[in-house]
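Asks: File model_36.pdb follows (PDB, C-alpha atoms):
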```
ATOM      1  CA  THR A   8      -1.896  11.076 -21.967
ATOM      2  CA  ASN A   9      -1.905  10.037 -25.652
ATOM      3  CA  GLN A  10      -3.030   6.407 -25.488
ATOM      4  CA  GLU A  11      -2.431   5.700 -29.197
ATOM      5  CA  ALA A  12       1.127   7.015 -29.038
ATOM      6  CA  LEU A  13       1.892   4.927 -25.970
ATOM      7  CA  ILE A  14       0.618   1.772 -27.664
ATOM      8  CA  GLU A  15       2.449   2.607 -30.897
ATOM      9  CA  TYR A  16       5.772   3.040 -29.109
ATOM     10  CA  GLY A  17       5.358  -0.251 -27.269
ATOM     11  CA  GLY A  18       4.780   1.209 -23.850
ATOM     12  CA  LEU A  19       2.165   0.884 -21.206
ATOM     13  CA  TYR A  20      -1.165   2.396 -21.919
ATOM     14  CA  TYR A  21      -3.331   4.616 -19.831
ATOM     15  CA  ASP A  22      -6.528   2.977 -18.618
ATOM     16  CA  ALA A  23      -8.920   5.760 -17.602
ATOM     17  CA  LYS A  24     -11.314   3.371 -15.823
ATOM     18  CA  GLN A  25      -8.534   1.934 -13.663
ATOM     19  CA  TYR A  26      -7.292   5.441 -12.894
ATOM     20  CA  VAL A  27     -10.734   6.598 -11.750
ATOM     21  CA  LYS A  28     -11.128   3.382  -9.741
ATOM     22  CA  ALA A  29      -7.818   4.072  -7.978
ATOM     23  CA  LEU A  30      -8.862   7.665  -7.265
ATOM     24  CA  GLU A  31     -12.100   6.434  -5.679
ATOM     25  CA  LYS A  32     -10.084   4.025  -3.511
ATOM     26  CA  TRP A  33      -7.802   6.867  -2.367
ATOM     27  CA  LYS A  34     -10.852   8.986  -1.539
ATOM     28  CA  ALA A  35     -12.230   6.108   0.552
ATOM     29  CA  LEU A  36      -8.894   5.869   2.378
ATOM     30  CA  LEU A  37      -9.193   9.549   3.254
ATOM     31  CA  VAL A  38     -12.451   8.829   5.086
ATOM     32  CA  GLN A  39     -10.766   6.074   7.134
ATOM     33  CA  LYS A  40      -7.472   7.822   7.821
ATOM     34  CA  LYS A  41      -6.612  11.303   6.694
ATOM     35  CA  SER A  42      -2.912  11.839   6.182
ATOM     36  CA  ALA A  43      -0.746  14.208   4.181
ATOM     37  CA  TYR A  44       0.244  11.204   2.035
ATOM     38  CA  HIS A  45      -3.334  10.234   1.106
ATOM     39  CA  CYS A  46      -4.235  13.859   0.398
ATOM     40  CA  TRP A  47      -1.166  14.161  -1.821
ATOM     41  CA  LEU A  48      -2.241  11.056  -3.797
ATOM     42  CA  CYS A  49      -5.726  12.493  -4.333
ATOM     43  CA  ALA A  50      -4.391  15.941  -5.222
ATOM     44  CA  HIS A  51      -1.934  14.432  -7.700
ATOM     45  CA  ALA A  52      -4.647  12.296  -9.313
ATOM     46  CA  ALA A  53      -7.030  15.271  -9.539
ATOM     47  CA  SER A  54      -4.248  17.348 -11.086
ATOM     48  CA  CYS A  55      -3.557  14.673 -13.724
ATOM     49  CA  MET A  56      -7.257  14.598 -14.570
ATOM     50  CA  GLY A  57      -7.370  18.391 -14.869
ATOM     51  CA  ASP A  58      -9.607  18.877 -11.822
ATOM     52  CA  MET A  59      -7.994  21.929 -10.261
ATOM     53  CA  LEU A  60     -10.635  22.611  -7.579
ATOM     54  CA  PRO A  61     -10.375  19.148  -5.946
ATOM     55  CA  LYS A  62      -6.588  19.393  -6.249
ATOM     56  CA  GLY A  63      -6.625  22.604  -4.206
ATOM     57  CA  ASN A  64      -9.017  21.148  -1.654
ATOM     58  CA  TYR A  65      -6.896  18.025  -1.107
ATOM     59  CA  ARG A  66      -3.745  20.138  -0.951
ATOM     60  CA  HIS A  67      -5.282  22.321   1.772
ATOM     61  CA  GLU A  68      -6.555  19.301   3.740
ATOM     62  CA  GLY A  69      -3.177  17.580   3.468
ATOM     63  CA  LEU A  70      -1.342  20.549   4.934
ATOM     64  CA  ASN A  71      -3.670  20.381   7.954
ATOM     65  CA  CYS A  72      -2.890  16.680   8.499
ATOM     66  CA  PRO A  73       0.128  15.383  10.411
ATOM     67  CA  ASP A  74       3.068  14.737   8.068
ATOM     68  CA  GLU A  75       3.543  11.077   9.000
ATOM     69  CA  HIS A  76       5.589  10.384   5.886
ATOM     70  CA  ASP A  77       8.613  12.644   5.717
ATOM     71  CA  GLY A  78       8.325  15.258   3.035
ATOM     72  CA  TRP A  79       4.658  15.038   2.016
ATOM     73  CA  HIS A  80       3.879  18.543   3.289
ATOM     74  CA  GLU A  81       6.691  19.842   1.082
ATOM     75  CA  LYS A  82       5.264  17.971  -1.936
ATOM     76  CA  LEU A  83       1.828  19.439  -1.221
ATOM     77  CA  ARG A  84       3.289  22.954  -0.979
ATOM     78  CA  GLU A  85       5.006  22.443  -4.350
ATOM     79  CA  MET A  86       1.626  21.656  -5.906
TER
END
```
Show how you would write the structure in this file as structure tokens.
Replies:
Amino acid sequence: TNQEALIEYGGLYYDAKQYVKALEKWKALLVQKKSAYHCWLCAHAASCMGDMLPKGNYRHEGLNCPDEHDGWHEKLREM
């Protein structure tokens, strides 16, 4: 999460705008097709951004969705 350190050590850097843009895309996907996988993506993104309430909401929704991708319910439970 330390952008300066990542740049200094020659790595990739974290682009907050791109991250938020991706989160919005995942949220839009949830409207079209709710799946445990999409809920996991949103919960993970919310967790990384420190938004614990949305994380919990997506986790709960994901556990109510069919687990079309093997193991996503388990990942949601771990969260």
Asks: Nearest to Cys46 in chain A: which of A:Tyr65, A:Trp79, A:Lys24, A:Asp74 is it, counting only C-alpha atoms?
Replies: A:Tyr65
Asks: By how many Å are CA of Gly57 in chain A and CA of Val27 in chain A apart?
Replies: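 So the answer is 12.7 Å.
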Asks: Taking every listed atom of range 35-52 of chain A and adding 6 Å to each side, what centre and edge lengths in Å (one decimal) does the axis-aligned box have, as JSON?
Replies:
```
{"center_x": -6.1, "center_y": 10.9, "center_z": -0.7, "size_x": 24.7, "size_y": 22.1, "size_z": 29.1}
```
Asks: Residues at most 10 Å from range 80-84 of chain A, counting only C-alpha atoms, excluding those fewer than 5 positions away in the same chain, as a PyMOL selection string?
Replies: chain A and resi 42-44+46-48+50-51+62-63+65-75
Asks: If you measure from CA of Cys55 in chain A to CA of Lys40 in chain A, what distance in Å do you get, rounded to one decimal?
Replies: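 Atom-to-atom, CA of Cys55 in chain A to CA of Lys40 in chain A, that is 22.9 Å.
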Asks: In Å, rounded to a single decimal, give me how far CA of Cys49 in chain A is from CA of Asn64 in chain A.
Replies: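 Going from CA of Asn64 in chain A over to CA of Cys49 in chain A covers 9.6 Å.
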Asks: So which residues fall inside 8 Å of (-4.7, 10.8, -13.1) if we count all atoms listed in the file? Mind giving them as a list in words?
Replies: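 Answer for this query, in the requested form: Ala23, Tyr26, Val27, Leu30, His51, Ala52, Ala53, Ser54, Cys55 and Met56 of chain A.
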Asks: Any chance you could model all heavy atoms for range 72-83 of chain A and send them as an mmCIF file, keeping the file's coordinate frame?
Replies:
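Saved file result09.cif follows:
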```cif
data_model
loop_
_atom_site.group_PDB
_atom_site.id
_atom_site.type_symbol
_atom_site.label_atom_id
_atom_site.label_comp_id
_atom_site.auth_asym_id
_atom_site.auth_seq_id
_atom_site.Cartn_x
_atom_site.Cartn_y
_atom_site.Cartn_z
ATOM 1 N N CYS A 72 -3.090 18.010 7.922
ATOM 2 C CA CYS A 72 -2.890 16.680 8.499
ATOM 3 C C CYS A 72 -1.470 16.559 9.028
ATOM 4 O O CYS A 72 -0.563 17.249 8.562
ATOM 5 C CB CYS A 72 -3.061 15.596 7.427
ATOM 6 S SG CYS A 72 -4.718 15.413 6.794
ATOM 7 N N PRO A 73 -1.247 15.636 9.978
ATOM 8 C CA PRO A 73 0.128 15.383 10.411
ATOM 9 C C PRO A 73 0.939 14.844 9.230
ATOM 10 O O PRO A 73 0.412 14.095 8.416
ATOM 11 C CB PRO A 73 -0.018 14.305 11.488
ATOM 12 C CG PRO A 73 -1.462 14.196 11.791
ATOM 13 C CD PRO A 73 -2.221 14.807 10.663
ATOM 14 N N ASP A 74 2.195 15.230 9.138
ATOM 15 C CA ASP A 74 3.068 14.737 8.068
ATOM 16 C C ASP A 74 3.762 13.473 8.562
ATOM 17 O O ASP A 74 4.906 13.491 8.986
ATOM 18 C CB ASP A 74 4.104 15.810 7.690
ATOM 19 C CG ASP A 74 4.802 15.490 6.374
ATOM 20 O OD1 ASP A 74 4.506 14.433 5.788
ATOM 21 O OD2 ASP A 74 5.638 16.285 5.941
ATOM 22 N N GLU A 75 3.023 12.348 8.492
ATOM 23 C CA GLU A 75 3.543 11.077 9.000
ATOM 24 C C GLU A 75 4.629 10.502 8.099
ATOM 25 O O GLU A 75 5.435 9.693 8.536
ATOM 26 C CB GLU A 75 2.406 10.072 9.148
ATOM 27 C CG GLU A 75 1.374 10.508 10.179
ATOM 28 C CD GLU A 75 0.130 9.644 10.165
ATOM 29 O OE1 GLU A 75 0.065 8.708 9.343
ATOM 30 O OE2 GLU A 75 -0.772 9.917 10.965
ATOM 31 N N HIS A 76 4.584 10.848 6.843
ATOM 32 C CA HIS A 76 5.589 10.384 5.886
ATOM 33 C C HIS A 76 6.466 11.587 5.554
ATOM 34 O O HIS A 76 5.992 12.562 4.995
ATOM 35 C CB HIS A 76 4.925 9.843 4.615
ATOM 36 C CG HIS A 76 3.947 8.746 4.889
ATOM 37 N ND1 HIS A 76 4.333 7.441 5.021
ATOM 38 C CD2 HIS A 76 2.613 8.751 5.092
ATOM 39 C CE1 HIS A 76 3.283 6.692 5.267
ATOM 40 N NE2 HIS A 76 2.218 7.460 5.319
ATOM 41 N N ASP A 77 7.714 11.500 5.900
ATOM 42 C CA ASP A 77 8.613 12.644 5.717
ATOM 43 C C ASP A 77 8.506 13.247 4.323
ATOM 44 O O ASP A 77 8.632 12.555 3.328
ATOM 45 C CB ASP A 77 10.067 12.226 5.967
ATOM 46 C CG ASP A 77 10.308 11.903 7.431
ATOM 47 O OD1 ASP A 77 9.492 12.330 8.260
ATOM 48 O OD2 ASP A 77 11.308 11.227 7.716
ATOM 49 N N GLY A 78 8.274 14.532 4.297
ATOM 50 C CA GLY A 78 8.325 15.258 3.035
ATOM 51 C C GLY A 78 7.016 15.470 2.306
ATOM 52 O O GLY A 78 6.982 16.179 1.308
ATOM 53 N N TRP A 79 5.908 14.888 2.773
ATOM 54 C CA TRP A 79 4.658 15.038 2.016
ATOM 55 C C TRP A 79 4.109 16.451 2.106
ATOM 56 O O TRP A 79 3.499 16.936 1.161
ATOM 57 C CB TRP A 79 3.619 14.000 2.453
ATOM 58 C CG TRP A 79 4.063 12.622 2.071
ATOM 59 C CD1 TRP A 79 4.458 11.627 2.909
ATOM 60 C CD2 TRP A 79 4.222 12.111 0.747
ATOM 61 N NE1 TRP A 79 4.847 10.525 2.192
ATOM 62 C CE2 TRP A 79 4.709 10.790 0.857
ATOM 63 C CE3 TRP A 79 4.004 12.634 -0.519
ATOM 64 C CZ2 TRP A 79 4.979 9.992 -0.238
ATOM 65 C CZ3 TRP A 79 4.276 11.835 -1.623
ATOM 66 C CH2 TRP A 79 4.747 10.534 -1.481
ATOM 67 N N HIS A 80 4.319 17.134 3.212
ATOM 68 C CA HIS A 80 3.879 18.543 3.289
ATOM 69 C C HIS A 80 4.618 19.372 2.253
ATOM 70 O O HIS A 80 4.025 20.238 1.599
ATOM 71 C CB HIS A 80 4.102 19.104 4.692
ATOM 72 C CG HIS A 80 3.012 18.771 5.654
ATOM 73 N ND1 HIS A 80 3.004 19.224 6.938
ATOM 74 C CD2 HIS A 80 1.888 18.038 5.508
ATOM 75 C CE1 HIS A 80 1.913 18.782 7.566
ATOM 76 N NE2 HIS A 80 1.227 18.055 6.710
ATOM 77 N N GLU A 81 5.904 19.106 2.081
ATOM 78 C CA GLU A 81 6.691 19.842 1.082
ATOM 79 C C GLU A 81 6.159 19.573 -0.324
ATOM 80 O O GLU A 81 6.028 20.488 -1.139
ATOM 81 C CB GLU A 81 8.169 19.449 1.180
ATOM 82 C CG GLU A 81 9.077 20.323 0.336
ATOM 83 C CD GLU A 81 8.998 21.795 0.702
ATOM 84 O OE1 GLU A 81 8.861 22.130 1.897
ATOM 85 O OE2 GLU A 81 9.077 22.632 -0.224
ATOM 86 N N LYS A 82 5.817 18.321 -0.616
ATOM 87 C CA LYS A 82 5.264 17.971 -1.936
ATOM 88 C C LYS A 82 3.937 18.679 -2.154
ATOM 89 O O LYS A 82 3.648 19.143 -3.251
ATOM 90 C CB LYS A 82 5.114 16.465 -2.078
ATOM 91 C CG LYS A 82 6.440 15.746 -2.212
ATOM 92 C CD LYS A 82 6.213 14.265 -2.417
ATOM 93 C CE LYS A 82 7.499 13.494 -2.527
ATOM 94 N NZ LYS A 82 8.257 13.797 -3.726
ATOM 95 N N LEU A 83 3.115 18.753 -1.104
ATOM 96 C CA LEU A 83 1.828 19.439 -1.221
ATOM 97 C C LEU A 83 2.040 20.940 -1.454
ATOM 98 O O LEU A 83 1.342 21.540 -2.268
ATOM 99 C CB LEU A 83 0.997 19.219 0.037
ATOM 100 C CG LEU A 83 0.324 17.845 0.127
ATOM 101 C CD1 LEU A 83 -0.082 17.543 1.558
ATOM 102 C CD2 LEU A 83 -0.883 17.772 -0.793
#
```
